[in-house]
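> A single structure is presented below for examination.
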Amino acid sequence: MNSKERIAKRVAKEFKPGNIVNLGIGLPTLVANYVPKDMNIFFHGENGVLGIASEVSEEKANPDLINAGGKFIDIIPGAMFFDTSFSFGLIRGGHLDYTVLGALQVDEEGHLANWMIPGKLIPGMGGAMDLVTGAKKVIVAMTHTTKGKPKIVKKCNLPLTSTRRVDLIVTEYAVIEPTDKGLILKEIAPDITVEELKKITDAKLIIPDDLKIMEV
Amino acid sequence: MNSKERIAKRVAKEFKPGNIVNLGIGLPTLVANYVPKDMNIFFHGENGVLGIASEVSEEKANPDLINAGGKFIDIIPGAMFFDTSFSFGLIRGGHLDYTVLGALQVDEEGHLANWMIPGKLIPGMGGAMDLVTGAKKVIVAMTHTTKGKPKIVKKCNLPLTSTRRVDLIVTEYAVIEPTDKGLILKEIAPDITVEELKKITDAKLIIPDDLKIMEV
Amino acid sequence: MKIVKAEEAISSVNDGDSLMIGGFLGVGTPETLIDELIKQNKKNLTIICNDTSFENKGIGKLIYNKLARKVITSHIGTNKETQRQYIEKELEVELVPQGTLIERIRAGGVGLGGVLTPTGVGTIVEEGKQVIEIDGKKYLLEKAIRAKVALIKAKRADHVGNLQFALTAINFNPMMGLAADLVIAEVEELVPTGVISPEHVQFPGALVDYVVIGGRSK
Amino acid sequence: MKIVKAEEAISSVNDGDSLMIGGFLGVGTPETLIDELIKQNKKNLTIICNDTSFENKGIGKLIYNKLARKVITSHIGTNKETQRQYIEKELEVELVPQGTLIERIRAGGVGLGGVLTPTGVGTIVEEGKQVIEIDGKKYLLEKAIRAKVALIKAKRADHVGNLQFALTAINFNPMMGLAADLVIAEVEELVPTGVISPEHVQFPGALVDYVVIGGRSK
């Protein structure tokens with residue numbers, strides 16, 4: 001199991017039966033692979049669907065049916081389509097139980113930056129700002145570092161996605177909970193020590209007495 | 001033809017083919033009787049329908065299908081149903097060509113009062129405030145007096161429905177256009193003189209050179 | 001979503017709760033749920049609704065049986081009892097323009113702080129409200145509104161709780177379903193999942209807490 | 001409503017016009033109308049859209065052919081040419097959060113002055129905007145937006161011009177149809193009035209100016 005799969009598998013454990021979940025493009029999409037079908041999770045695509053089943057092959061593709069990443073998809077029985085205004089009504093209105101997003105940076109206050117690198121990469125925020133502002137729980141799913149550089153930093157120097165504190169950070173090495181006291185290390189992977197983890201984390205980590213070993 | 005029918009018939013002449021029109025409860029409802037079918041007017045009911053055909057008998061009634069006055073109705077081919085938010089989106093967004101409403105008072109500034117008599121009659125504004133604020137053209141359809149008392153007054157002393165100037169006032173005796181100069185008498189009924197009309201009108205009427213005789 | 005009897009669903013309503021109730025002059029109103037509120041004799045309710053219907057129909061029955069402390073509504077003209085209680089100060093009534101009422105409910109449901117509407121500017125509806133000028137035009141700031149419970153009415157539900165409304169019986173129902181902590185939907189029939197096409201579902205079952213099978217519209 | 005060829009419909013668009021164009025990554029985008037804009041070589045357009053799609057698809061083709069002076073959009077990440085023109089200052093880009101963009105369009109279409117949203121508070125999206133506090137919570141005042149023309153895409157139209165959209169191809173289309181002075185709808189097929197049930201019509205034909213029959217989605 002590679003890093004991304006490990007992250008996806010761990011994130012999937014957070015959901016409860018019947019939850020409404022929005023998975024961001026890229027790594028977060030993999031989370032769906034680890035969610036048992038009988039949990040009846042409703043996967044939401046901000047482009048206008050509740051009840052995504054999975055991506056489909058070219059032969060099964062309907063040109064009018066995509067997810068928010070532009071991939072052709074299939075739907076579950078009991079799915080629903082709607083326009084963008086209803087879709088973001090669900091998002092902003094607090095009707096999504098979880099949104100899982102990637103990040104460029106997360107900081108000690110739990111702030112997330114994931115939509116631009118000034119002067120370099122300007123994809124735009126798409127639905128990310130609304131998702132982070134509106135979902136009941138925000139989970140950041142990302143590799144712990146990029147090209148060896150820590151992504152969990154003291155203070156984001158990239159433009160923030162929202163001033164709302166995210167609820168959980170899941171990397172291949174750690175599960176971290178941002179709180180008003182700071183970042184609490186909840187779980188650590190079995191193949192890394194706390195000291196090693198601190199070396200690849202810029203932000204201060206609070207190590208609690210009941211630190212658990214991450215199931216990988 | 002009684003007063004109300006005369007008013008309704010005259011109002012109906014204002015519409016153009018394909019117009020979207022909302023008719024208020026009471027007298028304004030009669031206007032539909034004088035609109036030729038081939039004008040393809042879309043009658044709007046703020047309760048959630050575009051394309052009202054007519055009221056229907058008990059036998060044809062569907063309990064889920066009413067107009068804004070609570071009467072059972074039928075619809076035209078090409079009608080559409082929607083929720084209240086879309087319905088008032090059409091109203092407030094300027095998508096209605098005409099709204100025809102009754103009035104308690106209209107004044108020299110073209111202001112309309114039609115939703116309450118303090119301490120006495122408090123039905124509430126329902127959709128009237130939005131209709132008068134949002135429709136492209138507002139037509140007041142009412143009898144010229146109530147129990148002999150003028151309804152076209154210098155200044156409304158009842159609570160206003162909107163500060164938007166109405167576009168036309170049609171009574172059994174006159175067609176009056178409120179402008180920034182005042183109320184211009186556009187048409188007068190053949191069975192009344194200008195002097196007689198002035199006696200039953202509290203507001204000042206401007207009599208133009210090209211005053212027309214109202215077709216009744 | 002759980003399919004339950006009216007009795008169980010309504011037992012979640014407490015005295016003093018705020019309730020949004022769907023319907024327009026009784027059409028699209030959950031009559032079975034209303035009868036159960038009366039049966040369980042709930043007290044001091046704040047009711048948010050388009051109108052108070054007629055004395056013997058829909059929301060009118062709640063007024064007649066004195067379950068309400070306050071009504072936030074656009075129209076009470078069809079119910080003399082509401083007007084009587086209001087004039088005699090037995091009932092608090094907040095009159096809101098219909099388009100403003102639905103937008104305030106929608107704002108509450110979709111996470112907006114309020115509504116900037118031209119409706120009511122310069123009238124007594126403006127009293128006590130902030131007026132905001134945008135590009136030279138005045139708008140009232142009308143605050144978002146939410147309720148503890150929404151009682152809504154649909155024609156049918158599937159086994160997921162997805163709802164479909166009938167004709168003009170849709171009115172306030174879907175927006176109210178977004179704007180309350182607990183959503184109870186009365187339906188006339190239950191159909192297998194898939195009978196309502198995903199393109200025709202009008203309210204997602206994932207947001208419905210209880211479905212109650214009631215009678216047919218009359 | 002008039003049924004016309006793309007050529008006639010697009011001849012109503014003038015250089016410098018503001019255009020709303022439906023679609024999400026090209027799905028639900030009126031390709032025939034876009035091709036005609038390019039054929040008629042319209043210039044200096046302001047385009048309001050969710051995203052700029054891909055270089056060879058949908059709105060991306062307008063960018064590639066340099067018809068746009070400005071784009072108001074939520075995402076340009078799938079189109080390198082948009083990013084290049086933006087960085088090299090050949091194109092003005094206003095980035096708007098997607099939920100704010102659709103609400104601003106809706107506000108323009110339904111007669112509201114603006115939107116009070118928590119999205120963007122405390123971020124660079126807040127810059128230059130009014131922050132309004134309601135009951136202790138901060139909201140950005142995001143202004144309503146309208147356009148001269150809306151180019152929307154539906155699956156089918158009936159003879160009245162009533163529209164029905166397909167699956168996720170609905171996205172921005174109906175709200176854009178409310179927020180423009182002229183509405184041009186591209187559809188894949190025309191059906192007799194009544195084939196689309198009044199309960200399934202998603203946009204009223206009474207608000208559609210031109211219907212253009214285009215190709216099938218690919």
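Chains: A, B, ... in order of the structure tokens. Residues: from 1 per chain. Ligands: from 1, in order shown.
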What's around Thr171 of chain B at 9 Å? Count only C-alpha atoms, leave out sequence neighbours fewer than 3 positions away in its own chain, and write the answer as an MDAnalysis selection string.
chainID B and resid 3:4 6:8 10 140:145 174:176
> Output all heavy atoms for every residue in that selection, as a short mmCIF file (atom, residue, chain, number, x, y, z; two decimals), in the first residue's frame.

data_model
loop_
_atom_site.label_atom_id
_atom_site.label_comp_id
_atom_site.auth_asym_id
_atom_site.auth_seq_id
_atom_site.Cartn_x
_atom_site.Cartn_y
_atom_site.Cartn_z
N SER B 3 -69.53 47.38 -13.53
CA SER B 3 -68.28 48.14 -13.34
C SER B 3 -67.05 47.25 -13.39
O SER B 3 -66.06 47.54 -14.06
CB SER B 3 -68.29 48.85 -11.99
OG SER B 3 -69.33 49.79 -11.96
N LYS B 4 -67.14 46.15 -12.66
CA LYS B 4 -65.98 45.27 -12.57
C LYS B 4 -65.62 44.67 -13.93
O LYS B 4 -64.44 44.57 -14.30
CB LYS B 4 -66.24 44.16 -11.55
CG LYS B 4 -66.24 44.70 -10.13
CD LYS B 4 -66.42 43.60 -9.09
CE LYS B 4 -66.39 44.22 -7.69
NZ LYS B 4 -66.47 43.21 -6.64
N ARG B 6 -66.30 45.94 -16.80
CA ARG B 6 -65.79 47.02 -17.63
C ARG B 6 -64.30 47.26 -17.37
O ARG B 6 -63.50 47.42 -18.29
CB ARG B 6 -66.58 48.30 -17.29
CG ARG B 6 -66.39 49.40 -18.29
CD ARG B 6 -66.87 50.71 -17.70
NE ARG B 6 -68.26 51.00 -18.07
CZ ARG B 6 -68.80 52.22 -18.00
NH1 ARG B 6 -68.09 53.25 -17.55
NH2 ARG B 6 -70.04 52.42 -18.34
N ILE B 7 -63.93 47.25 -16.10
CA ILE B 7 -62.53 47.44 -15.71
C ILE B 7 -61.67 46.30 -16.25
O ILE B 7 -60.62 46.51 -16.88
CB ILE B 7 -62.39 47.51 -14.16
CG1 ILE B 7 -63.14 48.73 -13.61
CG2 ILE B 7 -60.92 47.54 -13.74
CD1 ILE B 7 -63.37 48.71 -12.10
N ALA B 8 -62.16 45.08 -16.03
CA ALA B 8 -61.40 43.89 -16.46
C ALA B 8 -61.17 43.91 -17.97
O ALA B 8 -60.06 43.63 -18.45
CB ALA B 8 -62.14 42.62 -16.05
N ARG B 10 -61.05 46.45 -19.98
CA ARG B 10 -60.10 47.50 -20.37
C ARG B 10 -58.65 47.10 -20.03
O ARG B 10 -57.73 47.32 -20.82
CB ARG B 10 -60.47 48.82 -19.68
CG ARG B 10 -59.50 49.97 -19.97
CD ARG B 10 -59.40 50.26 -21.46
NE ARG B 10 -58.30 51.20 -21.74
CZ ARG B 10 -57.03 50.86 -21.87
NH1 ARG B 10 -56.69 49.58 -21.74
NH2 ARG B 10 -56.12 51.77 -22.15
N VAL B 140 -53.18 48.97 -11.50
CA VAL B 140 -54.16 48.92 -10.43
C VAL B 140 -55.54 48.86 -11.08
O VAL B 140 -55.87 49.69 -11.91
CB VAL B 140 -54.06 50.15 -9.52
CG1 VAL B 140 -55.23 50.22 -8.54
CG2 VAL B 140 -52.72 50.14 -8.77
N ALA B 141 -56.29 47.83 -10.74
CA ALA B 141 -57.65 47.65 -11.28
C ALA B 141 -58.62 47.71 -10.11
O ALA B 141 -58.62 46.85 -9.26
CB ALA B 141 -57.75 46.31 -11.99
N MET B 142 -59.43 48.78 -10.08
CA MET B 142 -60.32 48.94 -8.92
C MET B 142 -61.50 49.84 -9.28
O MET B 142 -61.43 50.61 -10.23
CB MET B 142 -59.55 49.57 -7.75
CG MET B 142 -59.04 50.97 -8.09
SD MET B 142 -58.27 51.79 -6.66
CE MET B 142 -58.17 53.47 -7.27
N THR B 143 -62.55 49.70 -8.50
CA THR B 143 -63.68 50.62 -8.69
C THR B 143 -63.20 52.01 -8.24
O THR B 143 -62.33 52.14 -7.38
CB THR B 143 -64.88 50.19 -7.84
OG1 THR B 143 -64.45 50.05 -6.49
CG2 THR B 143 -65.44 48.88 -8.34
N HIS B 144 -63.79 53.04 -8.88
CA HIS B 144 -63.30 54.40 -8.64
C HIS B 144 -63.50 54.85 -7.20
O HIS B 144 -62.70 55.62 -6.66
CB HIS B 144 -63.99 55.37 -9.61
CG HIS B 144 -63.14 56.55 -9.95
ND1 HIS B 144 -62.27 56.57 -11.01
CD2 HIS B 144 -62.99 57.75 -9.34
CE1 HIS B 144 -61.63 57.73 -11.05
NE2 HIS B 144 -62.05 58.46 -10.05
N THR B 145 -64.56 54.36 -6.58
CA THR B 145 -64.85 54.74 -5.19
C THR B 145 -65.28 53.50 -4.39
O THR B 145 -65.62 52.47 -4.97
CB THR B 145 -66.02 55.74 -5.13
OG1 THR B 145 -67.17 55.14 -5.76
CG2 THR B 145 -65.68 57.04 -5.85
N ALA B 174 -62.29 55.65 -15.67
CA ALA B 174 -61.09 56.32 -16.16
C ALA B 174 -59.89 55.39 -16.28
O ALA B 174 -59.81 54.38 -15.60
CB ALA B 174 -60.73 57.48 -15.23
N VAL B 175 -59.00 55.81 -17.20
CA VAL B 175 -57.68 55.19 -17.27
C VAL B 175 -56.69 56.30 -16.95
O VAL B 175 -56.66 57.33 -17.63
CB VAL B 175 -57.40 54.60 -18.67
CG1 VAL B 175 -55.99 54.02 -18.73
CG2 VAL B 175 -58.43 53.54 -19.02
N ILE B 176 -55.91 56.10 -15.91
CA ILE B 176 -55.05 57.17 -15.39
C ILE B 176 -53.59 56.69 -15.35
O ILE B 176 -53.31 55.58 -14.89
CB ILE B 176 -55.51 57.58 -13.98
CG1 ILE B 176 -56.92 58.19 -14.06
CG2 ILE B 176 -54.53 58.55 -13.33
CD1 ILE B 176 -57.61 58.30 -12.72
#
> Compute the set of chain A residues within 9 Å of chain C, using only C-alpha atoms, and express it as a PDB file with N, CA, C and O atoms, in the first residue's frame.

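Below is the file out29.pdb, written as the result:
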ATOM      1  N   GLY A  18     -24.794   6.613   6.252  1.00  0.00           N
ATOM      2  CA  GLY A  18     -25.734   7.642   5.807  1.00  0.00           C
ATOM      3  C   GLY A  18     -25.132   9.020   5.653  1.00  0.00           C
ATOM      4  O   GLY A  18     -25.824   9.957   5.248  1.00  0.00           O
ATOM      5  N   ASN A  19     -23.841   9.171   5.970  1.00  0.00           N
ATOM      6  CA  ASN A  19     -23.198  10.491   5.840  1.00  0.00           C
ATOM      7  C   ASN A  19     -23.201  11.001   4.398  1.00  0.00           C
ATOM      8  O   ASN A  19     -23.189  10.224   3.454  1.00  0.00           O
ATOM      9  N   ILE A  20     -23.205  12.335   4.274  1.00  0.00           N
ATOM     10  CA  ILE A  20     -23.041  12.993   2.979  1.00  0.00           C
ATOM     11  C   ILE A  20     -21.594  13.482   2.924  1.00  0.00           C
ATOM     12  O   ILE A  20     -21.149  14.198   3.824  1.00  0.00           O
ATOM     13  N   PHE A  42     -23.563   8.886   0.961  1.00  0.00           N
ATOM     14  CA  PHE A  42     -23.970   9.661  -0.215  1.00  0.00           C
ATOM     15  C   PHE A  42     -22.798  10.535  -0.638  1.00  0.00           C
ATOM     16  O   PHE A  42     -22.489  11.518   0.037  1.00  0.00           O
ATOM     17  N   LEU A  50     -25.824  13.997  -6.029  1.00  0.00           N
ATOM     18  CA  LEU A  50     -25.705  13.376  -4.706  1.00  0.00           C
ATOM     19  C   LEU A  50     -25.950  11.889  -4.929  1.00  0.00           C
ATOM     20  O   LEU A  50     -27.031  11.513  -5.394  1.00  0.00           O
ATOM     21  N   PRO A  77     -28.497   3.734  -6.693  1.00  0.00           N
ATOM     22  CA  PRO A  77     -29.959   3.875  -6.643  1.00  0.00           C
ATOM     23  C   PRO A  77     -30.298   4.882  -5.544  1.00  0.00           C
ATOM     24  O   PRO A  77     -29.675   4.849  -4.476  1.00  0.00           O
ATOM     25  N   GLY A  78     -31.218   5.791  -5.840  1.00  0.00           N
ATOM     26  CA  GLY A  78     -31.564   6.810  -4.849  1.00  0.00           C
ATOM     27  C   GLY A  78     -30.721   8.068  -4.985  1.00  0.00           C
ATOM     28  O   GLY A  78     -30.755   8.939  -4.123  1.00  0.00           O
ATOM     29  N   ALA A  79     -29.972   8.177  -6.077  1.00  0.00           N
ATOM     30  CA  ALA A  79     -29.193   9.391  -6.325  1.00  0.00           C
ATOM     31  C   ALA A  79     -30.118  10.528  -6.760  1.00  0.00           C
ATOM     32  O   ALA A  79     -31.313  10.314  -7.017  1.00  0.00           O
ATOM     33  N   MET A  80     -29.554  11.720  -6.836  1.00  0.00           N
ATOM     34  CA  MET A  80     -30.335  12.907  -7.211  1.00  0.00           C
ATOM     35  C   MET A  80     -29.439  13.897  -7.943  1.00  0.00           C
ATOM     36  O   MET A  80     -28.268  14.051  -7.583  1.00  0.00           O
ATOM     37  N   PHE A  81     -29.984  14.553  -8.947  1.00  0.00           N
ATOM     38  CA  PHE A  81     -29.262  15.616  -9.650  1.00  0.00           C
ATOM     39  C   PHE A  81     -29.867  16.970  -9.292  1.00  0.00           C
ATOM     40  O   PHE A  81     -31.053  17.067  -9.002  1.00  0.00           O
ATOM     41  N   PHE A  82     -29.044  18.006  -9.345  1.00  0.00           N
ATOM     42  CA  PHE A  82     -29.562  19.352  -9.079  1.00  0.00           C
ATOM     43  C   PHE A  82     -28.642  20.379  -9.714  1.00  0.00           C
ATOM     44  O   PHE A  82     -27.537  20.061 -10.159  1.00  0.00           O
ATOM     45  N   PHE A  86     -28.482  24.820  -5.894  1.00  0.00           N
ATOM     46  CA  PHE A  86     -28.887  23.850  -4.863  1.00  0.00           C
ATOM     47  C   PHE A  86     -27.664  23.131  -4.309  1.00  0.00           C
ATOM     48  O   PHE A  86     -27.554  22.895  -3.110  1.00  0.00           O
ATOM     49  N   PHE A  88     -24.526  24.114  -4.011  1.00  0.00           N
ATOM     50  CA  PHE A  88     -23.769  24.927  -3.056  1.00  0.00           C
ATOM     51  C   PHE A  88     -24.628  25.348  -1.875  1.00  0.00           C
ATOM     52  O   PHE A  88     -24.112  25.732  -0.824  1.00  0.00           O
ATOM     53  N   GLY A  89     -25.936  25.263  -2.031  1.00  0.00           N
ATOM     54  CA  GLY A  89     -26.823  25.419  -0.882  1.00  0.00           C
ATOM     55  C   GLY A  89     -26.560  24.309   0.121  1.00  0.00           C
ATOM     56  O   GLY A  89     -26.469  24.541   1.325  1.00  0.00           O
ATOM     57  N   LEU A  90     -26.408  23.087  -0.392  1.00  0.00           N
ATOM     58  CA  LEU A  90     -26.084  21.958   0.484  1.00  0.00           C
ATOM     59  C   LEU A  90     -24.731  22.173   1.164  1.00  0.00           C
ATOM     60  O   LEU A  90     -24.571  21.926   2.355  1.00  0.00           O
ATOM     61  N   ILE A  91     -23.768  22.658   0.394  1.00  0.00           N
ATOM     62  CA  ILE A  91     -22.407  22.844   0.917  1.00  0.00           C
ATOM     63  C   ILE A  91     -22.362  23.946   1.969  1.00  0.00           C
ATOM     64  O   ILE A  91     -21.963  23.750   3.113  1.00  0.00           O
ATOM     65  N   ARG A  92     -22.802  25.137   1.586  1.00  0.00           N
ATOM     66  CA  ARG A  92     -22.700  26.299   2.467  1.00  0.00           C
ATOM     67  C   ARG A  92     -23.640  26.183   3.652  1.00  0.00           C
ATOM     68  O   ARG A  92     -23.373  26.701   4.737  1.00  0.00           O
ATOM     69  N   GLY A  93     -24.766  25.481   3.422  1.00  0.00           N
ATOM     70  CA  GLY A  93     -25.799  25.361   4.450  1.00  0.00           C
ATOM     71  C   GLY A  93     -25.482  24.345   5.539  1.00  0.00           C
ATOM     72  O   GLY A  93     -26.312  24.105   6.414  1.00  0.00           O
ATOM     73  N   GLY A  94     -24.309  23.733   5.481  1.00  0.00           N
ATOM     74  CA  GLY A  94     -23.934  22.803   6.544  1.00  0.00           C
ATOM     75  C   GLY A  94     -24.570  21.429   6.420  1.00  0.00           C
ATOM     76  O   GLY A  94     -24.703  20.701   7.395  1.00  0.00           O
ATOM     77  N   HIS A  95     -24.970  21.051   5.201  1.00  0.00           N
ATOM     78  CA  HIS A  95     -25.626  19.754   5.030  1.00  0.00           C
ATOM     79  C   HIS A  95     -24.657  18.627   4.694  1.00  0.00           C
ATOM     80  O   HIS A  95     -25.053  17.472   4.660  1.00  0.00           O
ATOM     81  N   GLY A 134     -18.306  25.591   4.703  1.00  0.00           N
ATOM     82  CA  GLY A 134     -19.644  25.107   5.015  1.00  0.00           C
ATOM     83  C   GLY A 134     -19.798  23.698   5.557  1.00  0.00           C
ATOM     84  O   GLY A 134     -20.783  23.415   6.248  1.00  0.00           O
TER      85      GLY A 134
END
> Please identify all polymer residues within 8 Å of Gly77 of chain D, counting only C-alpha atoms, omitting same-chain residues fewer than 3 positions from it, and present them as a tab-separated table (two decimals) with all heavy atoms, in the first residue's frame.

chain	number	residue	atom	x	y	z
A	122	ILE	N	-2.16	29.27	-10.56
A	122	ILE	CA	-3.40	29.97	-10.19
A	122	ILE	C	-4.61	29.22	-10.74
A	122	ILE	O	-5.29	29.70	-11.63
A	122	ILE	CB	-3.41	31.41	-10.72
A	122	ILE	CG1	-2.02	32.04	-10.54
A	122	ILE	CG2	-4.47	32.25	-10.02
A	122	ILE	CD1	-1.75	33.17	-11.49
A	123	PRO	N	-4.87	28.03	-10.21
A	123	PRO	CA	-6.04	27.30	-10.74
A	123	PRO	C	-7.37	27.98	-10.39
A	123	PRO	O	-8.33	27.88	-11.12
A	123	PRO	CB	-5.94	25.93	-10.08
A	123	PRO	CG	-5.07	26.13	-8.88
A	123	PRO	CD	-4.15	27.25	-9.20
A	124	GLY	N	-7.38	28.69	-9.26
A	124	GLY	CA	-8.64	29.25	-8.78
A	124	GLY	C	-9.19	28.35	-7.69
A	124	GLY	O	-8.77	27.21	-7.54
D	80	LYS	N	-4.55	25.60	-19.57
D	80	LYS	CA	-3.24	26.27	-19.47
D	80	LYS	C	-3.22	27.59	-20.21
D	80	LYS	O	-2.54	28.54	-19.82
D	80	LYS	CB	-2.14	25.35	-20.03
D	80	LYS	CG	-1.77	24.21	-19.10
D	80	LYS	CD	-0.31	23.79	-19.30
D	80	LYS	CE	0.08	22.71	-18.32
D	80	LYS	NZ	-0.09	21.35	-18.90
D	83	GLN	N	-4.50	30.41	-18.13
D	83	GLN	CA	-3.50	30.80	-17.14
D	83	GLN	C	-2.37	31.60	-17.79
D	83	GLN	O	-1.90	32.59	-17.24
D	83	GLN	CB	-2.95	29.55	-16.44
D	83	GLN	CG	-4.00	28.85	-15.60
D	83	GLN	CD	-3.43	27.70	-14.79
D	83	GLN	OE1	-2.65	27.91	-13.87
D	83	GLN	NE2	-3.82	26.49	-15.14
> Would you kindly return, as a count of residues only, each protein, DNA or RNA residue with an atom no farther than 7 Å from any atom of segment 56-60 of chain D, considering only C-alpha atoms and excluding same-chain residues fewer than 3 positions away?
9
> Within 8 Å of segment 34-39 of chain B, counting only C-alpha atoms, which residues qualify if same-chain residues fewer than 4 places away don't, as a PyMOL selection string?
chain B and resi 8-9+12-13+16-18+30
> Export, as a PDB file, in the first residue's frame, the selected residues with N, CA and C atoms.

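Resulting contents of selection.pdb:
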ATOM      1  N   ALA B   8     -62.162  45.075 -16.034  1.00  0.00           N
ATOM      2  CA  ALA B   8     -61.402  43.892 -16.460  1.00  0.00           C
ATOM      3  C   ALA B   8     -61.165  43.910 -17.967  1.00  0.00           C
ATOM      4  N   LYS B   9     -62.199  44.261 -18.698  1.00  0.00           N
ATOM      5  CA  LYS B   9     -62.104  44.277 -20.161  1.00  0.00           C
ATOM      6  C   LYS B   9     -61.059  45.297 -20.626  1.00  0.00           C
ATOM      7  N   ALA B  12     -57.410  44.178 -19.932  1.00  0.00           N
ATOM      8  CA  ALA B  12     -56.977  43.103 -20.834  1.00  0.00           C
ATOM      9  C   ALA B  12     -56.351  43.639 -22.118  1.00  0.00           C
ATOM     10  N   LYS B  13     -56.748  44.846 -22.511  1.00  0.00           N
ATOM     11  CA  LYS B  13     -56.216  45.435 -23.751  1.00  0.00           C
ATOM     12  C   LYS B  13     -54.729  45.784 -23.656  1.00  0.00           C
ATOM     13  N   LYS B  16     -49.590  42.155 -24.428  1.00  0.00           N
ATOM     14  CA  LYS B  16     -49.071  41.784 -25.747  1.00  0.00           C
ATOM     15  C   LYS B  16     -48.863  40.270 -25.799  1.00  0.00           C
ATOM     16  N   PRO B  17     -48.882  39.693 -26.990  1.00  0.00           N
ATOM     17  CA  PRO B  17     -48.735  38.234 -27.095  1.00  0.00           C
ATOM     18  C   PRO B  17     -47.485  37.726 -26.371  1.00  0.00           C
ATOM     19  N   GLY B  18     -47.650  36.628 -25.648  1.00  0.00           N
ATOM     20  CA  GLY B  18     -46.520  36.003 -24.965  1.00  0.00           C
ATOM     21  C   GLY B  18     -46.179  36.591 -23.607  1.00  0.00           C
ATOM     22  N   LEU B  30     -60.877  38.596 -13.005  1.00  0.00           N
ATOM     23  CA  LEU B  30     -61.830  38.689 -14.121  1.00  0.00           C
ATOM     24  C   LEU B  30     -61.143  39.053 -15.438  1.00  0.00           C
TER      25      LEU B  30
END
> Within 6 Å of segment 57-63 of chain A, counting only C-alpha atoms, which residues qualify if same-chain residues fewer than 2 places away don't, as a ChimeraX atom specification?
/A:65,72 /D:217-218
> Dump C-alpha atoms for the selected residues as a compact mmCIF listing (two decimals), in the first residue's frame?

# COMPACT_ATOMS: atom_id res chain seq x y z
CA LEU A 65 -22.71 12.73 -16.35
CA PHE A 72 -17.40 10.06 -16.16
CA SER D 217 -23.29 15.90 -26.21
CA LYS D 218 -20.02 14.09 -26.82
> Excluding Tyr98 of chain A and its own-chain neighbours fewer than 2 positions away, which residues fall within 6 Å of it when counting only C-alpha atoms? Please give them as a PDB file with all heavy atoms, in the first residue's frame.

ATOM      1  N   VAL A  21     -20.876  13.055   1.901  1.00  0.00           N
ATOM      2  CA  VAL A  21     -19.436  13.298   1.840  1.00  0.00           C
ATOM      3  C   VAL A  21     -19.029  13.850   0.474  1.00  0.00           C
ATOM      4  O   VAL A  21     -19.458  13.339  -0.559  1.00  0.00           O
ATOM      5  CB  VAL A  21     -18.659  11.983   2.098  1.00  0.00           C
ATOM      6  CG1 VAL A  21     -17.159  12.186   1.905  1.00  0.00           C
ATOM      7  CG2 VAL A  21     -18.958  11.437   3.496  1.00  0.00           C
ATOM      8  N   LEU A  96     -23.387  18.965   4.423  1.00  0.00           N
ATOM      9  CA  LEU A  96     -22.394  17.923   4.154  1.00  0.00           C
ATOM     10  C   LEU A  96     -21.746  17.518   5.477  1.00  0.00           C
ATOM     11  O   LEU A  96     -21.286  18.366   6.238  1.00  0.00           O
ATOM     12  CB  LEU A  96     -21.306  18.462   3.203  1.00  0.00           C
ATOM     13  CG  LEU A  96     -21.511  18.195   1.707  1.00  0.00           C
ATOM     14  CD1 LEU A  96     -22.854  18.712   1.255  1.00  0.00           C
ATOM     15  CD2 LEU A  96     -20.390  18.819   0.889  1.00  0.00           C
ATOM     16  N   ALA A 135     -18.878  22.806   5.254  1.00  0.00           N
ATOM     17  CA  ALA A 135     -19.083  21.408   5.658  1.00  0.00           C
ATOM     18  C   ALA A 135     -19.031  21.255   7.172  1.00  0.00           C
ATOM     19  O   ALA A 135     -18.333  22.000   7.860  1.00  0.00           O
ATOM     20  CB  ALA A 135     -18.036  20.509   5.002  1.00  0.00           C
ATOM     21  N   LYS A 137     -17.627  18.814   8.878  1.00  0.00           N
ATOM     22  CA  LYS A 137     -16.260  18.440   9.227  1.00  0.00           C
ATOM     23  C   LYS A 137     -15.381  18.539   7.985  1.00  0.00           C
ATOM     24  O   LYS A 137     -15.766  18.050   6.921  1.00  0.00           O
ATOM     25  CB  LYS A 137     -16.201  16.987   9.730  1.00  0.00           C
ATOM     26  CG  LYS A 137     -17.001  16.730  10.999  1.00  0.00           C
ATOM     27  CD  LYS A 137     -16.148  16.880  12.233  1.00  0.00           C
ATOM     28  CE  LYS A 137     -16.943  16.477  13.478  1.00  0.00           C
ATOM     29  NZ  LYS A 137     -16.227  16.846  14.699  1.00  0.00           N
ATOM     30  N   VAL A 138     -14.217  19.143   8.142  1.00  0.00           N
ATOM     31  CA  VAL A 138     -13.258  19.264   7.047  1.00  0.00           C
ATOM     32  C   VAL A 138     -12.052  18.383   7.350  1.00  0.00           C
ATOM     33  O   VAL A 138     -11.418  18.532   8.401  1.00  0.00           O
ATOM     34  CB  VAL A 138     -12.795  20.725   6.863  1.00  0.00           C
ATOM     35  CG1 VAL A 138     -11.755  20.817   5.747  1.00  0.00           C
ATOM     36  CG2 VAL A 138     -13.984  21.640   6.589  1.00  0.00           C
TER      37      VAL A 138
END
